Amino acid sequence: MQVKYLKPILVTSALIGLSQWSGLSFAQSADQLYKRSLAATCANCHGTDGKGVVDGGMPLINTLTSEQMLTQLKAFKSGAREGTIMPQLAKGYTDEQLTTIANQLGKKQ
Amino acid sequence: MDRRHFIGQSAAAVGLLAGLSSQTKAATLQKAEILVIGGGYGGATAAKYLRLFSNNTARVTLIEPNTSFISCPMSNLVIGGSRTLAEITSPYDTLSKRHGIKIIQDSVSSIDPDKKTVTLASGKTLRYDKAIVSPGVSLNFKSIEGLAQANKDGVTLQAWKAGPETVALHKQIAAMREGGTFAITIPEAPYRCPPGPYERACQVANYLKTHNPKGKVVILDANQDVTSKGALFKKVWAEQYAGIIEYRPKSNVVGVDAKTKTLKLEVEDDVKADVLNVLPQMSAGEIAIKTGLANSNGRWVNVNFLNFESTARKDIHVLGDSIQIAPLMPKSGHMANQHAKVAAAAIVAELSGWEVNPAPVLTNTCYSFVNDREVVHVASVHQYNAAEKTFKTVPGSGGLSPAPSTLEGVYAWGWAHNIWADSLG
């Protein structure tokens with residue numbers, strides 16, 4: 001199975017370059033750190049910052065907007081959407097936490 | 001505006017911002033020396049996320065003796081012969097190339113928590129402001145009579161730390177006489193990877209079914225019953241491996257006779273086998289014990305679950321299999337990765353002068369292959385409980401697969417590729 005990383009090297013380099021300008025592009029705050037660390041609980045299966053391994057076998061989530069992602073997460077939590085692991089995991093998060101995760105990982109429109 | 005003028009202005013702006021930030025919160029974060037000891041699922045993830053959560057400003061050094069990472073999850077498939085070691089091996093150098101982590105290929109011989117220094121096997125001494133200790137488990141070979149020597153001689157193998165023994169164990173199974181017996185012994189819980197031994201029994205049985213149909217697998221379990229996914233495993237053993245797998249609970253192995261390949265049990269009669277996979281009692285990694293961190297029965301490390309700081313020594317954070325677990329928290333690679341993110345966020349917050357997140361969350365997902373394609377899972381969500389200062393699973397969340405499936409076999413590989421990329425990529 002060929003595994004490709006979604007993030008091209010050029011983009012990564014650009015991001016690392018930008019992040020040196022701390023305070024410009026990546027203003028950090030306690031609130032932002034909290035949101036990133038909560039969303040990081042999803043990364044084991046769905047990739048760092050929601051960027052999953054392409055063709056790795058796991059459904060990709062970074063194609064969804066934040067709104068679509070929240071709808072799916074809530075459907076898993078309520079049982080409206082069936083699945084293997086996601087219905088079981090979604091039930092462990094509060095609605096507020098699911099909203100934070102969807103806002104953090106979903107595609108911005 | 002000409003180009004030079006623009007660059008000059010930008011540089012001045014960056015300088016001003018850098019100056020501002022150094023006068024405020026970021027100064028401590030940027031100056032702190034953070035040493036991560038051990039590049040497994042806990043340590044590698046901690047190193048990467050310290051850089052991510054600090055926007056690449058934290059100074060992070062990872063100390064790891066191995067040149068590449070070999071995953072314990074999935075390694076049972078190598079023992080069963082359906083996968084190779086290369087397929088479960090990842091390089092460490094992405095952590096330095098992509099994330100700017102300094103990697104030292106060495107092992108730690110001692111930690112001085114008073115002087116806040118770490119001495120490497122090479123003799124070099126490093127100073128730290130924060131140390132993250134993620135050494136996995138140590139296998140207590142001395143807990144079983146004759147085991148230390150038998151394992152040294154290769155008569156018994158552990159293959160519980162994936163690597164050369166993983167391949168060696170597969171070779172022993174492949175070379176086993178026709179109709180021979182493979183015995184795996186399980187220590188009393190807690191041990192690394194609760195369902196791991198049962199998955200391994202399935203993988204060996206799956207191999208024997210094709211290559212040595214009269215061969216047998218005996219599971220000698222010191223526990224009262226199967227410790228994880230019990231009903232699922234028992235159903236698979238009855239349906240897919242009837243006449244091959246024999247499960248014996250309450251069977252505590254206390255001795256090994258290497259000459260006759262015989263296992264001595266505490267109560268029951270001796271068991272003779274052709275291939276011996278003896279898993280002894282486990283405890284926190286050696287460096288954690290040596291440093292005096294194992295303050296839970298001398299075996300495991302008690303931590304503050306808000307930041308994974310050892311309750312024994314300040315500024316030493318301990319992750320993964322070495323810790324005294326919270327209720328229903330497994331010792332797993334997935335869990336170690338999750339510990340690492342909570343610890344990394346807490347350390348970045350503390351060094352930035354911010355409040356540490358008072359309500360962290362952890363998840364666990366564990367897939368077990370029952371043959372080379374079908375998989376069962378167990379999953380859980382653990383929310384921090386402030387009143388009890390521990391993590392507790394959320395009622396109604398988590399659970400098991402209803403039955404083995406090939407769909408979950410695909411997801412299991414998806415999980416593996418993603419967690420390897422999340423921890424090391």
# chains A, B, ... in the order shown; residues from 1 in each chain; ligands from 1
call {"tool": "interface_residues", "arguments": {"of": "chain A", "to": "chain B", "cutoff": "6 Å", "atoms": "only C-alpha atoms", "output": "list in words"}}
result
Asn44, Cys45, Gly47, Thr48, Val53, Gly56, Gly57, Met58, Gln88, Leu89, Lys91 and Gly92 of chain A
call {"tool": "write_last_selection", "arguments": {"atoms": "N, CA and C atoms", "output": "PDB file, in the first residue's frame"}}
result
ATOM      1  N   ASN A  44      -4.646  10.555  16.366  1.00  0.00           N
ATOM      2  CA  ASN A  44      -4.104   9.190  16.273  1.00  0.00           C
ATOM      3  C   ASN A  44      -4.675   8.463  15.059  1.00  0.00           C
ATOM      4  N   CYS A  45      -5.974   8.657  14.816  1.00  0.00           N
ATOM      5  CA  CYS A  45      -6.635   7.964  13.713  1.00  0.00           C
ATOM      6  C   CYS A  45      -6.812   8.845  12.479  1.00  0.00           C
ATOM      7  N   GLY A  47      -5.031  11.878  11.767  1.00  0.00           N
ATOM      8  CA  GLY A  47      -3.893  12.687  11.346  1.00  0.00           C
ATOM      9  C   GLY A  47      -3.700  13.945  12.173  1.00  0.00           C
ATOM     10  N   THR A  48      -2.446  14.394  12.241  1.00  0.00           N
ATOM     11  CA  THR A  48      -2.113  15.622  12.953  1.00  0.00           C
ATOM     12  C   THR A  48      -2.870  16.785  12.313  1.00  0.00           C
ATOM     13  N   VAL A  53      -3.469  10.427   6.697  1.00  0.00           N
ATOM     14  CA  VAL A  53      -2.623   9.792   5.691  1.00  0.00           C
ATOM     15  C   VAL A  53      -3.514   9.370   4.512  1.00  0.00           C
ATOM     16  N   GLY A  56      -4.443   5.663   3.389  1.00  0.00           N
ATOM     17  CA  GLY A  56      -3.960   4.882   4.540  1.00  0.00           C
ATOM     18  C   GLY A  56      -4.987   3.902   5.058  1.00  0.00           C
ATOM     19  N   GLY A  57      -6.245   4.030   4.627  1.00  0.00           N
ATOM     20  CA  GLY A  57      -7.289   3.107   5.070  1.00  0.00           C
ATOM     21  C   GLY A  57      -8.314   3.734   5.991  1.00  0.00           C
ATOM     22  N   MET A  58      -7.982   4.891   6.572  1.00  0.00           N
ATOM     23  CA  MET A  58      -8.921   5.541   7.492  1.00  0.00           C
ATOM     24  C   MET A  58      -9.680   6.645   6.744  1.00  0.00           C
ATOM     25  N   GLN A  88     -19.046   5.134  19.445  1.00  0.00           N
ATOM     26  CA  GLN A  88     -18.611   4.880  20.824  1.00  0.00           C
ATOM     27  C   GLN A  88     -17.755   6.027  21.358  1.00  0.00           C
ATOM     28  N   LEU A  89     -16.906   6.602  20.505  1.00  0.00           N
ATOM     29  CA  LEU A  89     -16.052   7.708  20.953  1.00  0.00           C
ATOM     30  C   LEU A  89     -16.837   9.011  21.092  1.00  0.00           C
ATOM     31  N   LYS A  91     -19.758   9.569  21.970  1.00  0.00           N
ATOM     32  CA  LYS A  91     -20.561   9.610  23.208  1.00  0.00           C
ATOM     33  C   LYS A  91     -19.724  10.007  24.431  1.00  0.00           C
ATOM     34  N   GLY A  92     -18.425  10.001  24.304  1.00  0.00           N
ATOM     35  CA  GLY A  92     -17.563  10.361  25.434  1.00  0.00           C
ATOM     36  C   GLY A  92     -17.249  11.842  25.524  1.00  0.00           C
TER      37      GLY A  92
END
call {"tool": "select_by_dssp", "arguments": {"residues": "segment 242-389 of chain B", "states": "strand (DSSP E)", "output": "PyMOL selection string"}}
result
chain B and resi 245-248+253-257+262-265+271-272+275-278+282-284+303-304+309-310+316-318+361-369+375-385
call {"tool": "closest_residue", "arguments": {"among": "B:Glu64, B:Asp321, B:Glu178, B:Glu199", "to": "Leu77 of chain B", "atoms": "only C-alpha atoms"}}
result
B:Glu199
call {"tool": "closest_residue", "arguments": {"among": "B:Ala183, B:Val226, B:Ala387, B:Ile347", "to": "Val278 of chain B", "atoms": "only C-alpha atoms"}}
result
B:Ala183
call {"tool": "residues_around", "arguments": {"residues": "Glu188 of chain B", "least_positions_apart": "5", "cutoff": "9 Å", "atoms": "only C-alpha atoms", "output": "list in words"}}
result
Asp221, Ala222, Asn223, Gln224, Asn252, Pro280, Gln281 and Met282 of chain B
call {"tool": "write_last_selection", "arguments": {"atoms": "C-alpha atoms", "output": "CSV table (one decimal), in the first residue's frame"}}
result
chain,number,residue,atom,x,y,z
B,221,ASP,CA,-2.8,-17.1,31.7
B,222,ALA,CA,-1.9,-16.1,35.3
B,223,ASN,CA,-5.2,-14.0,35.4
B,224,GLN,CA,-8.6,-15.3,36.3
B,252,ASN,CA,0.8,-18.8,36.8
B,280,PRO,CA,7.2,-12.2,32.8
B,281,GLN,CA,5.8,-9.6,35.2
B,282,MET,CA,6.3,-6.1,34.1
call {"tool": "atom_distance", "arguments": {"atom1": "atom CA of Asn212 of chain B", "atom2": "atom CA of Thr89 of chain B"}}
result
28.4 Å
call {"tool": "atom_distance", "arguments": {"atom1": "atom CA of Val217 of chain B", "atom2": "atom CA of Arg83 of chain B"}}
result
20.0 Å
call {"tool": "select_by_dssp", "arguments": {"residues": "segment 15-97 of chain A", "states": "helix (DSSP H, G or I)", "output": "VMD selection string"}}
result
chain A and resid 15 to 19 30 to 46 48 to 50 66 to 78 86 to 90 95 to 97
call {"tool": "atom_distance", "arguments": {"atom1": "atom CA of Gly39 of chain B", "atom2": "atom CA of Lys102 of chain B"}}
result
12.1 Å
call {"tool": "closest_residue", "arguments": {"among": "B:Ala175, B:Ala131, B:Leu139, B:Val60", "to": "Leu319 of chain B", "atoms": "only C-alpha atoms"}}
result
B:Ala131
call {"tool": "closest_residue", "arguments": {"among": "A:Ile61, A:Val54, A:Leu73, A:Ala90", "to": "Leu105 of chain A", "atoms": "only C-alpha atoms"}}
result
A:Ile61
call {"tool": "residues_around", "arguments": {"residues": "segment 93-102 of chain A", "least_positions_apart": "6", "cutoff": "7 Å", "atoms": "only C-alpha atoms", "output": "ChimeraX atom specification"}}
result
/A:35,38-39,66,69-70,73
call {"tool": "write_last_selection", "arguments": {"atoms": "N, CA and C atoms", "output": "PDB file, in the first residue's frame"}}
result
ATOM      1  N   LYS A  35      -7.755  24.503  22.531  1.00  0.00           N
ATOM      2  CA  LYS A  35      -8.509  23.975  21.377  1.00  0.00           C
ATOM      3  C   LYS A  35      -7.661  23.011  20.555  1.00  0.00           C
ATOM      4  N   LEU A  38      -7.285  19.692  22.492  1.00  0.00           N
ATOM      5  CA  LEU A  38      -8.514  18.877  22.472  1.00  0.00           C
ATOM      6  C   LEU A  38      -8.666  18.193  21.105  1.00  0.00           C
ATOM      7  N   ALA A  39      -8.453  18.960  20.043  1.00  0.00           N
ATOM      8  CA  ALA A  39      -8.571  18.387  18.690  1.00  0.00           C
ATOM      9  C   ALA A  39      -7.504  17.318  18.443  1.00  0.00           C
ATOM     10  N   SER A  66     -16.463  22.710   8.946  1.00  0.00           N
ATOM     11  CA  SER A  66     -16.699  22.600  10.391  1.00  0.00           C
ATOM     12  C   SER A  66     -18.157  22.243  10.670  1.00  0.00           C
ATOM     13  N   MET A  69     -18.791  18.634   9.779  1.00  0.00           N
ATOM     14  CA  MET A  69     -18.135  17.761  10.749  1.00  0.00           C
ATOM     15  C   MET A  69     -18.950  17.690  12.041  1.00  0.00           C
ATOM     16  N   LEU A  70     -19.429  18.825  12.501  1.00  0.00           N
ATOM     17  CA  LEU A  70     -20.210  18.846  13.737  1.00  0.00           C
ATOM     18  C   LEU A  70     -21.505  18.050  13.576  1.00  0.00           C
ATOM     19  N   LEU A  73     -20.539  14.414  13.811  1.00  0.00           N
ATOM     20  CA  LEU A  73     -20.155  14.044  15.183  1.00  0.00           C
ATOM     21  C   LEU A  73     -21.393  13.905  16.068  1.00  0.00           C
TER      22      LEU A  73
END
call {"tool": "closest_residue", "arguments": {"among": "B:Thr28, B:Ala189, B:Gln172, B:Pro65", "to": "Ala121 of chain B", "atoms": "only C-alpha atoms"}}
result
B:Pro65
call {"tool": "closest_atom_pairs", "arguments": {"of": "segment 133-243 of chain B", "to": "segment 260-276 of chain B", "cutoff": "9 Å", "atoms": "only C-alpha atoms", "output": "CSV"}}
result
residue,atom,partner,partner_atom,distance
B:Glu145,CA,B:Lys264,CA,9.0
B:Val155,CA,B:Leu276,CA,7.3
B:Thr156,CA,B:Leu276,CA,5.0
B:Leu157,CA,B:Leu276,CA,6.6
B:Gln158,CA,B:Leu276,CA,8.7
B:Leu169,CA,B:Val275,CA,8.3
B:Gln172,CA,B:Val275,CA,6.6
B:Ile173,CA,B:Val275,CA,6.6
B:Met176,CA,B:Asp274,CA,6.8
B:Arg177,CA,B:Asp274,CA,7.8
B:Gly180,CA,B:Asp274,CA,5.9
B:Thr181,CA,B:Ala273,CA,5.1
B:Phe182,CA,B:Val275,CA,4.7
B:Ala183,CA,B:Leu276,CA,5.2
B:Ile184,CA,B:Leu276,CA,6.3
B:Thr185,CA,B:Leu276,CA,8.3
B:Val218,CA,B:Ala273,CA,8.6
